[in-house]
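K.L.:
Following this line is coords.tsv, made up of TSV, C-alpha atoms:
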```
chain	number	residue	atom	x	y	z
V	1209	MET	CA	0.00	0.00	0.00
V	1210	MET	CA	1.44	3.34	-1.07
V	1211	ARG	CA	1.73	6.12	1.50
V	1212	ARG	CA	3.55	9.41	2.00
V	1213	LYS	CA	4.58	11.29	5.11
V	1214	SER	CA	6.27	14.68	5.27
V	1215	PHE	CA	9.39	15.63	7.18
V	1216	TYR	CA	8.16	17.62	10.18
V	1217	ILE	CA	11.32	19.20	11.58
V	1218	ILE	CA	13.29	20.26	8.52
V	1219	GLY	CA	12.96	23.90	9.53
V	1220	LEU	CA	14.42	23.09	12.94
V	1221	VAL	CA	17.29	21.17	11.39
V	1222	ILE	CA	18.12	24.15	9.16
V	1223	LEU	CA	18.41	26.32	12.26
V	1224	ILE	CA	20.60	23.72	13.97
V	1225	LEU	CA	22.88	23.43	10.97
V	1226	SER	CA	23.19	27.18	10.53
V	1227	SER	CA	24.00	27.71	14.22
V	1228	CYS	CA	26.52	24.87	14.36
V	1229	THR	CA	28.41	25.63	11.15
V	1230	GLY	CA	28.86	29.39	11.68
V	1231	ASN	CA	31.82	30.58	9.67
V	1232	LYS	CA	33.48	27.17	9.47
V	1233	ARG	CA	34.66	25.98	6.10
V	1234	THR	CA	32.19	23.61	4.47
V	1235	ASN	CA	33.28	19.99	4.23
V	1236	TRP	CA	32.10	18.60	0.86
V	1237	TRP	CA	33.43	15.05	1.31
V	1238	GLU	CA	30.83	12.27	1.16
V	1239	ASN	CA	30.93	10.72	4.63
V	1240	TYR	CA	27.32	9.38	5.01
V	1241	GLN	CA	27.65	9.56	8.79
V	1242	GLU	CA	24.42	9.71	10.75
V	1243	ARG	CA	25.87	12.23	13.22
V	1244	SER	CA	27.42	14.46	10.58
V	1245	LYS	CA	25.80	17.81	9.75
V	1246	ASP	CA	28.10	18.33	6.77
V	1247	PRO	CA	26.38	18.59	3.37
V	1248	PHE	CA	26.94	14.94	2.56
V	1249	GLY	CA	26.34	13.52	6.01
V	1250	THR	CA	23.01	11.80	6.81
V	1251	TYR	CA	22.06	13.55	10.04
V	1252	ILE	CA	18.68	14.70	8.71
V	1253	PHE	CA	17.86	11.35	7.14
V	1254	ALA	CA	18.67	9.37	10.32
V	1255	ASN	CA	16.54	11.69	12.47
V	1256	GLU	CA	13.62	12.13	10.10
V	1257	LEU	CA	13.37	8.46	9.11
V	1258	GLN	CA	11.84	7.92	12.53
V	1259	ASN	CA	9.14	10.48	11.69
V	1260	LEU	CA	8.23	8.56	8.54
V	1261	PHE	CA	7.56	5.49	10.66
V	1262	LYS	CA	6.70	7.27	13.91
V	1263	TYR	CA	3.99	4.81	14.93
V	1264	ASN	CA	6.43	1.91	14.75
V	1265	GLU	CA	9.46	0.92	16.75
V	1266	PHE	CA	12.66	2.56	15.45
V	1267	THR	CA	15.98	0.87	16.30
V	1268	VAL	CA	19.50	2.07	15.49
V	1269	LEU	CA	21.67	-1.05	15.64
V	1270	GLU	CA	24.13	-0.73	18.50
V	1271	VAL	CA	25.87	-3.92	17.33
V	1272	SER	CA	26.72	-5.27	13.89
V	1273	ALA	CA	23.84	-6.65	11.81
V	1274	TYR	CA	25.33	-10.13	12.11
V	1275	ASP	CA	25.40	-9.96	15.91
V	1276	TYR	CA	21.89	-8.50	16.00
V	1277	PHE	CA	20.38	-11.36	14.02
V	1278	ILE	CA	22.36	-13.89	16.05
V	1279	ALA	CA	20.83	-12.50	19.24
V	1280	ASN	CA	17.39	-11.81	17.68
V	1281	ALA	CA	16.63	-14.70	15.37
V	1282	VAL	CA	13.71	-13.39	13.30
V	1283	THR	CA	11.39	-16.10	12.02
V	1284	ILE	CA	8.19	-14.03	11.92
V	1285	GLU	CA	7.02	-12.22	8.80
V	1286	ASN	CA	6.03	-8.55	8.85
V	1287	GLU	CA	8.48	-8.04	11.71
V	1288	ALA	CA	10.73	-5.17	10.52
V	1289	ASN	CA	12.41	-3.27	7.67
V	1290	TYR	CA	16.22	-3.33	7.52
V	1291	VAL	CA	17.62	0.00	6.20
V	1292	CYS	CA	21.20	0.93	5.30
V	1293	VAL	CA	22.35	4.06	3.42
V	1294	LYS	CA	26.10	4.20	2.93
V	1295	ASN	CA	28.84	4.67	0.37
V	1296	TYR	CA	29.90	1.05	0.91
V	1297	ALA	CA	28.50	-1.36	3.50
V	1298	TYR	CA	31.82	-3.00	4.28
V	1299	GLN	CA	30.36	-5.22	7.01
V	1300	LEU	CA	27.88	-6.90	4.67
V	1301	ASP	CA	30.15	-9.85	4.07
V	1302	GLU	CA	29.01	-13.32	3.06
V	1303	LEU	CA	27.89	-14.37	6.55
V	1304	THR	CA	26.05	-11.11	7.31
V	1305	THR	CA	24.38	-11.07	3.90
V	1306	LYS	CA	23.08	-14.60	4.45
V	1307	LYS	CA	21.67	-13.64	7.87
V	1308	ILE	CA	19.85	-10.60	6.46
V	1309	LEU	CA	18.52	-12.49	3.43
V	1310	ASP	CA	17.19	-15.18	5.78
V	1311	PHE	CA	15.48	-12.34	7.66
V	1312	VAL	CA	13.95	-11.14	4.37
V	1313	ALA	CA	12.95	-14.60	3.19
V	1314	VAL	CA	10.51	-15.14	6.08
V	1315	GLY	CA	8.53	-12.06	5.02
V	1316	ASN	CA	10.47	-8.93	5.92
V	1317	ASP	CA	12.03	-6.19	3.76
V	1318	MET	CA	15.51	-4.77	3.25
V	1319	PHE	CA	16.41	-1.36	1.78
V	1320	LEU	CA	19.99	-0.69	0.66
V	1321	SER	CA	21.23	2.50	-0.99
V	1322	LEU	CA	24.91	2.00	-1.77
V	1323	ARG	CA	27.50	2.98	-4.33
V	1324	TYR	CA	29.21	-0.39	-4.09
V	1325	PHE	CA	27.47	-3.74	-3.64
V	1326	ASN	CA	29.69	-6.63	-2.60
V	1327	SER	CA	29.86	-9.88	-4.52
V	1328	SER	CA	28.03	-11.93	-1.90
V	1329	LEU	CA	24.93	-9.79	-2.40
V	1330	THR	CA	25.13	-9.54	-6.20
V	1331	GLU	CA	25.55	-13.30	-6.53
V	1332	ALA	CA	22.74	-14.11	-4.10
V	1333	LEU	CA	20.25	-11.78	-5.83
V	1334	ASP	CA	21.61	-12.11	-9.38
V	1335	PHE	CA	22.30	-8.51	-10.40
V	1336	GLU	CA	25.23	-6.34	-11.52
V	1337	VAL	CA	25.92	-2.62	-11.09
V	1338	LYS	CA	27.85	-0.39	-13.50
V	1339	ASP	CA	29.32	2.96	-12.45
V	1340	LEU	CA	30.65	5.10	-15.31
V	1341	ASP	CA	32.09	7.64	-12.86
V	1342	GLU	CA	33.84	5.17	-10.59
V	1343	GLU	CA	37.24	6.79	-11.17
V	1344	LYS	CA	36.09	10.28	-10.15
V	1345	TYR	CA	36.97	11.07	-6.55
V	1346	SER	CA	37.90	14.75	-6.17
V	1347	ILE	CA	35.39	17.34	-5.00
V	1348	LYS	CA	35.99	19.36	-8.17
V	1349	GLU	CA	35.19	16.39	-10.42
V	1350	LEU	CA	32.10	15.33	-8.47
V	1351	LYS	CA	30.70	18.86	-8.45
V	1352	LYS	CA	30.26	18.68	-12.23
V	1353	LEU	CA	28.13	15.51	-12.08
V	1354	ASN	CA	24.46	16.47	-12.26
V	1355	ASP	CA	21.45	14.49	-13.46
V	1356	THR	CA	17.72	13.88	-13.08
V	1357	LEU	CA	16.32	10.86	-11.25
V	1358	TYR	CA	12.91	9.41	-12.12
V	1359	LEU	CA	10.31	7.34	-10.28
V	1360	ASN	CA	8.09	5.04	-12.36
V	1361	ASN	CA	4.93	4.97	-10.26
V	1362	ASP	CA	2.10	7.14	-11.62
V	1363	VAL	CA	0.65	7.50	-8.12
V	1364	PHE	CA	3.35	10.04	-7.21
V	1365	GLU	CA	2.56	13.69	-7.88
V	1366	LYS	CA	6.15	14.46	-8.82
V	1367	LYS	CA	8.19	11.90	-10.72
V	1368	GLU	CA	11.29	13.88	-11.82
V	1369	PHE	CA	13.94	15.17	-9.41
V	1370	TYR	CA	16.99	17.18	-10.45
V	1371	TYR	CA	20.29	16.84	-8.56
V	1372	ASP	CA	22.90	19.49	-9.29
V	1373	ARG	CA	26.12	17.75	-8.12
V	1374	ASN	CA	27.74	14.44	-7.04
V	1375	ILE	CA	25.25	12.31	-9.04
V	1376	ARG	CA	27.25	9.53	-10.63
V	1377	ARG	CA	26.12	7.59	-13.67
V	1378	SER	CA	25.50	4.42	-11.69
V	1379	TYR	CA	22.87	1.89	-12.72
V	1380	PHE	CA	21.91	-1.78	-12.67
V	1381	GLN	CA	23.61	-3.32	-15.69
V	1382	SER	CA	21.83	-6.66	-15.42
V	1383	ILE	CA	18.91	-7.99	-13.36
V	1384	ASP	CA	16.77	-11.12	-13.12
V	1385	THR	CA	13.56	-9.94	-14.80
V	1386	ASN	CA	11.59	-12.87	-13.37
V	1387	LYS	CA	11.83	-11.56	-9.81
V	1388	THR	CA	12.88	-7.91	-10.23
V	1389	THR	CA	10.73	-4.79	-10.65
V	1390	ILE	CA	12.20	-1.47	-11.81
V	1391	LEU	CA	10.93	1.34	-9.57
V	1392	GLY	CA	13.22	4.22	-10.60
V	1393	THR	CA	15.54	5.21	-13.43
V	1394	GLN	CA	18.27	7.62	-14.42
V	1395	LYS	CA	19.20	8.84	-17.90
V	1396	ILE	CA	22.68	7.55	-18.75
V	1397	ASP	CA	23.91	9.58	-21.75
V	1398	SER	CA	23.31	7.73	-25.02
V	1399	LEU	CA	22.23	4.58	-23.17
V	1400	GLY	CA	18.89	6.14	-22.31
V	1401	GLN	CA	16.90	5.39	-19.16
V	1402	LYS	CA	18.64	2.86	-16.91
V	1403	ALA	CA	17.37	1.36	-13.66
V	1404	ASN	CA	18.83	2.82	-10.45
V	1405	PHE	CA	16.06	1.73	-8.04
V	1406	ILE	CA	14.72	-1.84	-8.09
V	1407	LYS	CA	12.73	-4.31	-6.00
V	1408	ILE	CA	13.79	-7.97	-5.92
V	1409	LYS	CA	11.46	-10.63	-4.60
V	1410	HIS	CA	13.23	-12.90	-2.13
V	1411	GLY	CA	11.22	-15.59	-0.41
V	1412	LYS	CA	8.22	-13.95	1.25
V	1413	GLY	CA	9.92	-10.56	1.47
V	1414	ASN	CA	11.47	-7.94	-0.78
V	1415	VAL	CA	14.88	-6.40	-1.26
V	1416	PHE	CA	14.93	-2.75	-2.37
V	1417	LEU	CA	18.22	-1.64	-3.95
V	1418	HIS	CA	19.19	1.92	-4.83
V	1419	THR	CA	22.44	3.17	-6.43
V	1420	GLN	CA	22.38	6.87	-5.38
V	1421	PRO	CA	22.85	7.19	-1.59
V	1422	ILE	CA	23.77	10.85	-2.17
V	1423	ALA	CA	20.04	11.57	-2.53
V	1424	PHE	CA	19.59	10.88	1.21
V	1425	THR	CA	22.23	13.36	2.43
V	1426	ASN	CA	21.66	16.65	4.25
V	1427	TYR	CA	22.44	18.71	1.15
V	1428	TYR	CA	19.50	17.36	-0.86
V	1429	LEU	CA	17.04	16.90	1.98
V	1430	LEU	CA	17.28	20.65	2.62
V	1431	LYS	CA	16.27	21.27	-0.99
V	1432	GLU	CA	13.13	20.41	-2.96
V	1433	ASN	CA	14.06	16.74	-3.23
V	1434	VAL	CA	12.46	15.65	0.03
V	1435	ALA	CA	9.54	14.14	-1.89
V	1436	TYR	CA	11.95	11.76	-3.66
V	1437	VAL	CA	12.97	10.18	-0.35
V	1438	GLU	CA	9.36	10.11	0.89
V	1439	ASN	CA	8.21	8.38	-2.30
V	1440	ILE	CA	11.00	5.79	-2.10
V	1441	PHE	CA	10.23	4.88	1.50
V	1442	SER	CA	6.52	4.69	0.76
V	1443	TYR	CA	7.29	1.28	-0.77
V	1444	LEU	CA	8.35	-0.09	2.60
V	1445	PRO	CA	5.53	-1.64	4.66
V	1446	ASP	CA	4.38	0.14	7.80
V	1447	ARG	CA	6.45	-1.77	10.34
V	1448	SER	CA	9.47	-1.39	12.65
V	1449	ILE	CA	12.74	0.02	11.28
V	1450	LEU	CA	16.24	-1.39	11.84
V	1451	LEU	CA	18.76	1.31	10.83
V	1452	ASP	CA	22.27	-0.11	10.31
V	1453	THR	CA	25.00	2.52	10.73
V	1454	GLN	CA	27.81	0.06	9.82
V	1455	THR	CA	29.93	1.28	12.74
V	1456	LYS	CA	30.13	-1.83	14.91
V	1457	GLN	CA	32.39	-4.84	14.50
V	1458	SER	CA	31.04	-8.32	15.07
V	1459	ARG	CA	31.89	-10.16	18.31
V	1460	TYR	CA	30.65	-13.54	17.10
V	1461	LYS	CA	32.29	-14.07	13.74
V	1462	ASN	CA	35.34	-15.62	15.36
V	1463	ASN	CA	33.18	-18.12	17.25
V	1464	PRO	CA	34.13	-21.63	16.05
V	1465	ARG	CA	30.45	-22.46	15.72
V	1466	ASP	CA	29.98	-19.71	13.17
V	1467	ARG	CA	33.27	-19.69	11.27
V	1468	ARG	CA	36.14	-22.00	10.61
V	1469	LYS	CA	38.51	-22.61	13.51
V	1470	SER	CA	41.63	-20.54	13.70
V	1471	ALA	CA	45.05	-22.21	13.44
V	1472	LEU	CA	45.60	-21.96	17.21
V	1473	GLN	CA	42.20	-23.51	17.92
V	1474	PHE	CA	43.04	-26.32	15.54
V	1475	PHE	CA	46.25	-27.08	17.48
V	1476	TYR	CA	44.44	-27.05	20.82
V	1477	SER	CA	41.80	-29.42	19.54
V	1478	ARG	CA	44.38	-32.22	19.19
V	1479	PRO	CA	46.45	-33.29	22.25
V	1480	THR	CA	49.55	-34.26	20.27
V	1481	LEU	CA	49.67	-30.94	18.43
V	1482	LYS	CA	48.95	-29.05	21.63
V	1483	TRP	CA	51.95	-30.65	23.41
V	1484	ALA	CA	54.12	-30.08	20.36
V	1485	LEU	CA	53.20	-26.41	20.55
V	1486	TYR	CA	54.08	-26.32	24.26
V	1487	VAL	CA	57.46	-27.98	23.66
V	1488	ALA	CA	58.28	-25.57	20.84
V	1489	PHE	CA	57.34	-22.61	23.02
V	1490	PHE	CA	59.52	-23.70	25.97
V	1491	ALA	CA	62.39	-24.57	23.62
V	1492	LEU	CA	62.21	-21.05	22.21
V	1493	LEU	CA	62.31	-19.56	25.72
V	1494	LEU	CA	65.31	-21.78	26.62
V	1495	PHE	CA	67.14	-20.75	23.46
V	1496	LEU	CA	66.57	-17.06	24.17
V	1497	PHE	CA	67.74	-17.46	27.79
V	1498	LEU	CA	70.98	-19.32	26.92
V	1499	ASN	CA	71.72	-17.15	23.91
V	1500	ALA	CA	71.31	-13.97	25.94
V	1501	ARG	CA	73.79	-15.16	28.59
V	1502	ARG	CA	76.44	-16.10	26.03
V	1503	LYS	CA	76.41	-12.78	24.28
V	1504	GLN	CA	79.27	-10.37	25.09
V	1505	ARG	CA	78.42	-7.17	26.82
V	1506	ALA	CA	78.35	-4.05	24.73
V	1507	ILE	CA	81.84	-2.55	24.39
V	1508	PRO	CA	81.82	1.09	25.50
V	1509	GLU	CA	82.87	3.62	22.94
V	1510	LEU	CA	86.38	4.99	23.50
V	1511	LYS	CA	86.85	8.42	22.04
V	1512	PRO	CA	90.30	9.03	20.48
V	1513	LEU	CA	92.68	11.38	22.25
V	1514	LYS	CA	92.50	14.93	21.07
V	1515	ASN	CA	95.44	16.15	18.99
V	1516	SER	CA	96.65	19.07	21.08
V	1517	THR	CA	99.73	19.69	18.88
V	1518	GLN	CA	97.60	21.19	16.17
V	1519	ASP	CA	95.87	23.50	18.66
V	1520	PHE	CA	99.24	24.51	20.09
V	1521	THR	CA	100.60	25.32	16.66
V	1522	HIS	CA	97.51	27.33	15.85
V	1523	THR	CA	97.89	29.32	19.09
V	1524	ILE	CA	101.58	30.09	18.47
V	1525	ALA	CA	100.84	31.19	14.91
V	1526	ASN	CA	98.13	33.56	16.12
V	1527	LEU	CA	100.58	34.97	18.66
V	1528	TYR	CA	103.14	35.76	15.98
V	1529	LEU	CA	100.48	37.32	13.76
V	1530	LYS	CA	99.26	39.59	16.56
V	1531	GLU	CA	102.83	40.75	17.26
V	1532	GLU	CA	103.34	41.27	13.47
V	1533	ASN	CA	106.66	39.46	13.70
V	1534	HIS	CA	106.57	38.35	10.07
V	1535	LYS	CA	110.32	37.78	9.82
V	1536	ASN	CA	110.23	35.24	12.64
V	1537	LEU	CA	107.43	33.30	10.89
V	1538	VAL	CA	109.28	33.39	7.56
V	1539	THR	CA	112.43	32.02	9.21
V	1540	LYS	CA	110.51	29.16	10.81
V	1541	LYS	CA	108.72	28.45	7.51
V	1542	ILE	CA	112.06	28.23	5.69
V	1543	ILE	CA	113.53	25.98	8.39
V	1544	TYR	CA	110.45	23.72	8.13
V	1545	PHE	CA	110.79	23.58	4.31
V	1546	LEU	CA	114.49	22.69	4.33
V	1547	GLU	CA	114.00	20.06	7.05
V	1548	LYS	CA	111.30	18.36	4.97
V	1549	VAL	CA	113.54	18.42	1.89
V	1550	ARG	CA	116.32	16.73	3.86
V	1551	THR	CA	114.14	13.99	5.37
V	1552	LYS	CA	112.01	13.32	2.31
V	1553	TYR	CA	114.40	13.69	-0.60
V	1554	HIS	CA	117.70	13.04	1.29
V	1555	LEU	CA	119.37	16.17	-0.11
V	1556	ASP	CA	122.00	18.33	1.56
V	1557	THR	CA	120.60	21.85	2.09
V	1558	GLN	CA	123.85	23.53	3.15
V	1559	ASN	CA	124.49	24.89	-0.35
V	1560	LEU	CA	121.40	25.93	-2.32
V	1561	ASN	CA	123.18	26.09	-5.69
V	1562	SER	CA	122.12	25.09	-9.22
V	1563	ALA	CA	123.02	21.42	-8.69
V	1564	PHE	CA	120.80	21.33	-5.62
V	1565	ILE	CA	117.94	22.95	-7.56
V	1566	THR	CA	118.23	20.42	-10.40
V	1567	LYS	CA	118.18	17.43	-8.02
V	1568	LEU	CA	115.26	18.83	-5.98
V	1569	ALA	CA	113.18	19.47	-9.11
V	1570	ALA	CA	113.76	15.92	-10.34
V	1571	LYS	CA	112.89	14.25	-7.04
V	1572	SER	CA	109.86	16.41	-6.18
V	1573	GLY	CA	108.22	16.30	-9.61
V	1574	ASN	CA	108.24	20.09	-10.03
V	1575	THR	CA	109.70	21.93	-12.98
V	1576	GLU	CA	113.21	23.30	-12.66
V	1577	HIS	CA	111.93	26.82	-13.31
V	1578	THR	CA	109.41	26.60	-10.42
V	1579	THR	CA	111.98	25.08	-8.09
V	1580	ARG	CA	114.62	27.72	-8.96
V	1581	TYR	CA	112.13	30.55	-8.36
V	1582	LEU	CA	111.21	29.13	-4.92
V	1583	ILE	CA	114.84	28.65	-3.80
V	1584	ASN	CA	115.84	32.14	-5.00
V	1585	THR	CA	112.88	33.63	-3.11
V	1586	ILE	CA	113.89	31.76	0.07
V	1587	THR	CA	117.52	32.96	-0.28
V	1588	THR	CA	116.48	36.56	-0.85
V	1589	ILE	CA	114.01	36.76	2.02
V	1590	ASN	CA	116.33	34.92	4.40
V	1591	LYS	CA	119.02	37.59	3.96
V	1592	ARG	CA	116.69	40.41	4.99
V	1593	SER	CA	116.27	41.61	8.56
V	1594	GLU	CA	112.58	42.36	8.09
V	1595	CYS	CA	109.75	40.92	6.06
V	1596	SER	CA	106.26	42.13	5.07
V	1597	GLN	CA	103.01	40.28	5.53
V	1598	ASP	CA	102.50	39.97	1.75
V	1599	GLU	CA	105.90	38.30	1.37
V	1600	LEU	CA	105.05	35.88	4.17
V	1601	ILE	CA	101.74	34.94	2.49
V	1602	ARG	CA	103.37	34.57	-0.95
V	1603	LEU	CA	106.16	32.35	0.40
V	1604	ASN	CA	103.69	30.13	2.23
V	1605	ALA	CA	101.61	29.68	-0.94
V	1606	MET	CA	104.70	28.80	-2.99
V	1607	ILE	CA	105.82	26.14	-0.48
V	1608	GLU	CA	102.34	24.57	-0.34
V	1609	ASN	CA	102.09	24.46	-4.14
V	1610	PHE	CA	105.57	22.94	-4.32
V	1611	PHE	CA	104.62	19.94	-2.18
V	1612	LYS	CA	101.37	19.39	-4.06
V	1613	HIS	CA	103.33	17.90	-6.98
V	1614	GLU	CA	104.61	14.99	-4.91
```
As structure tokens, what does this structure read like?
P.N.:
Amino acid sequence: MMRRKSFYIIGLVILILSSCTGNKRTNWWENYQERSKDPFGTYIFANELQNLFKYNEFTVLEVSAYDYFIANAVTIENEANYVCVKNYAYQLDELTTKKILDFVAVGNDMFLSLRYFNSSLTEALDFEVKDLDEEKYSIKELKKLNDTLYLNNDVFEKKEFYYDRNIRRSYFQSIDTNKTTILGTQKIDSLGQKANFIKIKHGKGNVFLHTQPIAFTNYYLLKENVAYVENIFSYLPDRSILLDTQTKQSRYKNNPRDRRKSALQFFYSRPTLKWALYVAFFALLLFLFLNARRKQRAIPELKPLKNSTQDFTHTIANLYLKEENHKNLVTKKIIYFLEKVRTKYHLDTQNLNSAFITKLAAKSGNTEHTTRYLINTITTINKRSECSQDELIRLNAMIENFFKHE
């Protein structure tokens, strides 16, 4: 029996939303959360669904659907309507789907509005969904997706509803026509009108499937599309509502009576394997204990002794520079140079003549011209009683360049 009920507190919700949001930046992500007042949350839907069925019991599942139907085995028809509006009902796995379909088969109804339907449901009800905009995720891309949704029943006063954003081209690609009724469509480009809202007969009950959960979000329920949601839910019988928020994990799916035993439970179920596990565990502890005792203690890090000679030399050099005693530094530089020539090249430095220059150039790898210029400079400066800073710097550079050709 077809029926329609209006949303009574939309005006109040608008005030709540306006007062709560203030100047905060709008969040346009599709979260489908029942407590979210963002544009694409389902706060209004979750609260106003109870008004549509206000004379019936309204239950928000505090546990997973699987756990609920384990604790409340429904075998009576006309008991309740199961409702779930999400982007993807990730907890509707094979076991949960079977429980809910058993609930439907005895004469109850299920309403699902999802973007993604898992394989356990598509195989059980024999349908396939195609989404041409599956690869579009960004807010900018989704904002460009607009379309008109249609309802097929002539009883409704309004049958066309325009949605200005986030409407993907998602439709039922294949259905079992023997047990499926098309209740709503969407125009898919050149493909024409394609089903996006169907009813599948399952046992004594019905499964209602919808591919556009965005239509149930706050953004559209605050517009002129409220009638679309009212018309859709007018198909559900006037009975109790079970709203599944998909937020609770199951506590019973690991029960060995409901699922296959875990590996550890398999070991404990056989005495020989159980004792083998105990022996392996104690052997591992024994190995760790003995291995830890045999290991050498960590060797402390010994820092190398600091080379104080270099610091001393640096200090003395600074002292000479401050006193501007350039001649003294030049003399020590020349003494250092000649001492290195004696020890490295085994040459007598008493007489710095042409023969000495030729031998030094050959052994050091420098040209004879460079070597002669350096020795003449040393001889000239050494004869002076004073020396300038520029001469000191130039002599030091010449000596350093000389030894670079070793």
K.L.:
Pick out the closest residue to Thr1389 in chain V from this set: V:Tyr1296, V:Phe1416, V:Lys1262, V:Asn1584. Count only C-alpha atoms.
P.N.:
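Closest residue, counting only C-alpha atoms: V:Phe1416.
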K.L.:
Hey, can you check how far CA of Asn1361 in chain V sits from CA of Asn1404 in chain V?
P.N.:
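So the two atoms, CA of Asn1361 in chain V and CA of Asn1404 in chain V, lie 14.1 Å apart.
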K.L.:
Using all atoms listed in the file, which protein or nucleic acid residues come within 10 Å of Lys1571 in chain V? Drop anything in the same chain fewer than 2 positions from it, and give the result as an NGL selection string.
P.N.:
:V and (1549 or 1552-1555 or 1566-1569 or 1573-1574 or 1614)
K.L.:
Using only C-alpha atoms, I'd like a table of the residues in range 1377-1473 of chain V that come within 12 Å of range 1367-1372 of chain V; for each, show the closest atom pair and its distance in Å rounded to one decimal, ordered by chain and ascending number, as JSON lines.
P.N.:
```
{"residue": "V:Leu1391", "atom": "CA", "partner": "V:Lys1367", "partner_atom": "CA", "distance": 11.0}
{"residue": "V:Gly1392", "atom": "CA", "partner": "V:Lys1367", "partner_atom": "CA", "distance": 9.2}
{"residue": "V:Thr1393", "atom": "CA", "partner": "V:Glu1368", "partner_atom": "CA", "distance": 9.8}
{"residue": "V:Gln1394", "atom": "CA", "partner": "V:Glu1368", "partner_atom": "CA", "distance": 9.7}
{"residue": "V:Lys1395", "atom": "CA", "partner": "V:Glu1368", "partner_atom": "CA", "distance": 11.2}
{"residue": "V:Gln1420", "atom": "CA", "partner": "V:Tyr1371", "partner_atom": "CA", "distance": 10.7}
{"residue": "V:Ile1422", "atom": "CA", "partner": "V:Tyr1371", "partner_atom": "CA", "distance": 9.4}
{"residue": "V:Ala1423", "atom": "CA", "partner": "V:Tyr1371", "partner_atom": "CA", "distance": 8.0}
{"residue": "V:Phe1424", "atom": "CA", "partner": "V:Tyr1371", "partner_atom": "CA", "distance": 11.5}
{"residue": "V:Thr1425", "atom": "CA", "partner": "V:Tyr1371", "partner_atom": "CA", "distance": 11.7}
{"residue": "V:Tyr1427", "atom": "CA", "partner": "V:Tyr1371", "partner_atom": "CA", "distance": 10.1}
{"residue": "V:Tyr1428", "atom": "CA", "partner": "V:Tyr1371", "partner_atom": "CA", "distance": 7.8}
{"residue": "V:Leu1429", "atom": "CA", "partner": "V:Tyr1371", "partner_atom": "CA", "distance": 11.0}
{"residue": "V:Lys1431", "atom": "CA", "partner": "V:Tyr1371", "partner_atom": "CA", "distance": 9.6}
{"residue": "V:Glu1432", "atom": "CA", "partner": "V:Phe1369", "partner_atom": "CA", "distance": 8.3}
{"residue": "V:Asn1433", "atom": "CA", "partner": "V:Phe1369", "partner_atom": "CA", "distance": 6.4}
{"residue": "V:Val1434", "atom": "CA", "partner": "V:Phe1369", "partner_atom": "CA", "distance": 9.6}
{"residue": "V:Ala1435", "atom": "CA", "partner": "V:Phe1369", "partner_atom": "CA", "distance": 8.8}
{"residue": "V:Tyr1436", "atom": "CA", "partner": "V:Phe1369", "partner_atom": "CA", "distance": 7.0}
{"residue": "V:Val1437", "atom": "CA", "partner": "V:Phe1369", "partner_atom": "CA", "distance": 10.4}
{"residue": "V:Glu1438", "atom": "CA", "partner": "V:Lys1367", "partner_atom": "CA", "distance": 11.8}
{"residue": "V:Asn1439", "atom": "CA", "partner": "V:Lys1367", "partner_atom": "CA", "distance": 9.1}
{"residue": "V:Ile1440", "atom": "CA", "partner": "V:Lys1367", "partner_atom": "CA", "distance": 10.9}
```
K.L.:
What residues have an atom no more than 7 Å from (25.2, -2.3, 11.5) in the file's own frame, counting only C-alpha atoms, and can you write them as a PDB file with C-alpha atoms, keeping the file's coordinate frame?
P.N.:
```
ATOM      1  CA  LEU V1269      21.670  -1.050  15.640  1.00  0.00           C
ATOM      2  CA  VAL V1271      25.870  -3.920  17.330  1.00  0.00           C
ATOM      3  CA  SER V1272      26.720  -5.270  13.890  1.00  0.00           C
ATOM      4  CA  ALA V1273      23.840  -6.650  11.810  1.00  0.00           C
ATOM      5  CA  ASP V1452      22.270  -0.110  10.310  1.00  0.00           C
ATOM      6  CA  THR V1453      25.000   2.520  10.730  1.00  0.00           C
ATOM      7  CA  GLN V1454      27.810   0.060   9.820  1.00  0.00           C
ATOM      8  CA  THR V1455      29.930   1.280  12.740  1.00  0.00           C
ATOM      9  CA  LYS V1456      30.130  -1.830  14.910  1.00  0.00           C
TER      10      LYS V1456
END
```
K.L.:
Could you please determine the separation between CA of His1534 in chain V and CA of Ser1596 in chain V in Å, to one decimal place?
P.N.:
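Computed distance, CA of His1534 in chain V to CA of Ser1596 in chain V, equals 6.3 Å.
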K.L.:
What is the distance between CA of Lys1344 in chain V and CA of Val1291 in chain V, in Å to one decimal?
P.N.:
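Distance reported for this atom pair: 26.7 Å.
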K.L.:
Using all atoms listed in the file, find the one residue out of V:His1418, V:Phe1266, V:Tyr1298, V:Ile1383 that sits nearest to Leu1322 in chain V.
P.N.:
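Looking at the shortest contact to Leu1322 in chain V, the residue is V:His1418.
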K.L.:
Return the padded bounding box of range 1310-1324 of chain V as lines of an AutoDock Vina configuration file: axis-aligned, built from all atoms listed in the file, 6 Å added on each side, with centre and edge lengths in Å to one decimal.
P.N.:
```
center_x = 18.9
center_y = -6.1
center_z = 1.7
size_x = 32.7
size_y = 30.2
size_z = 24.0
```
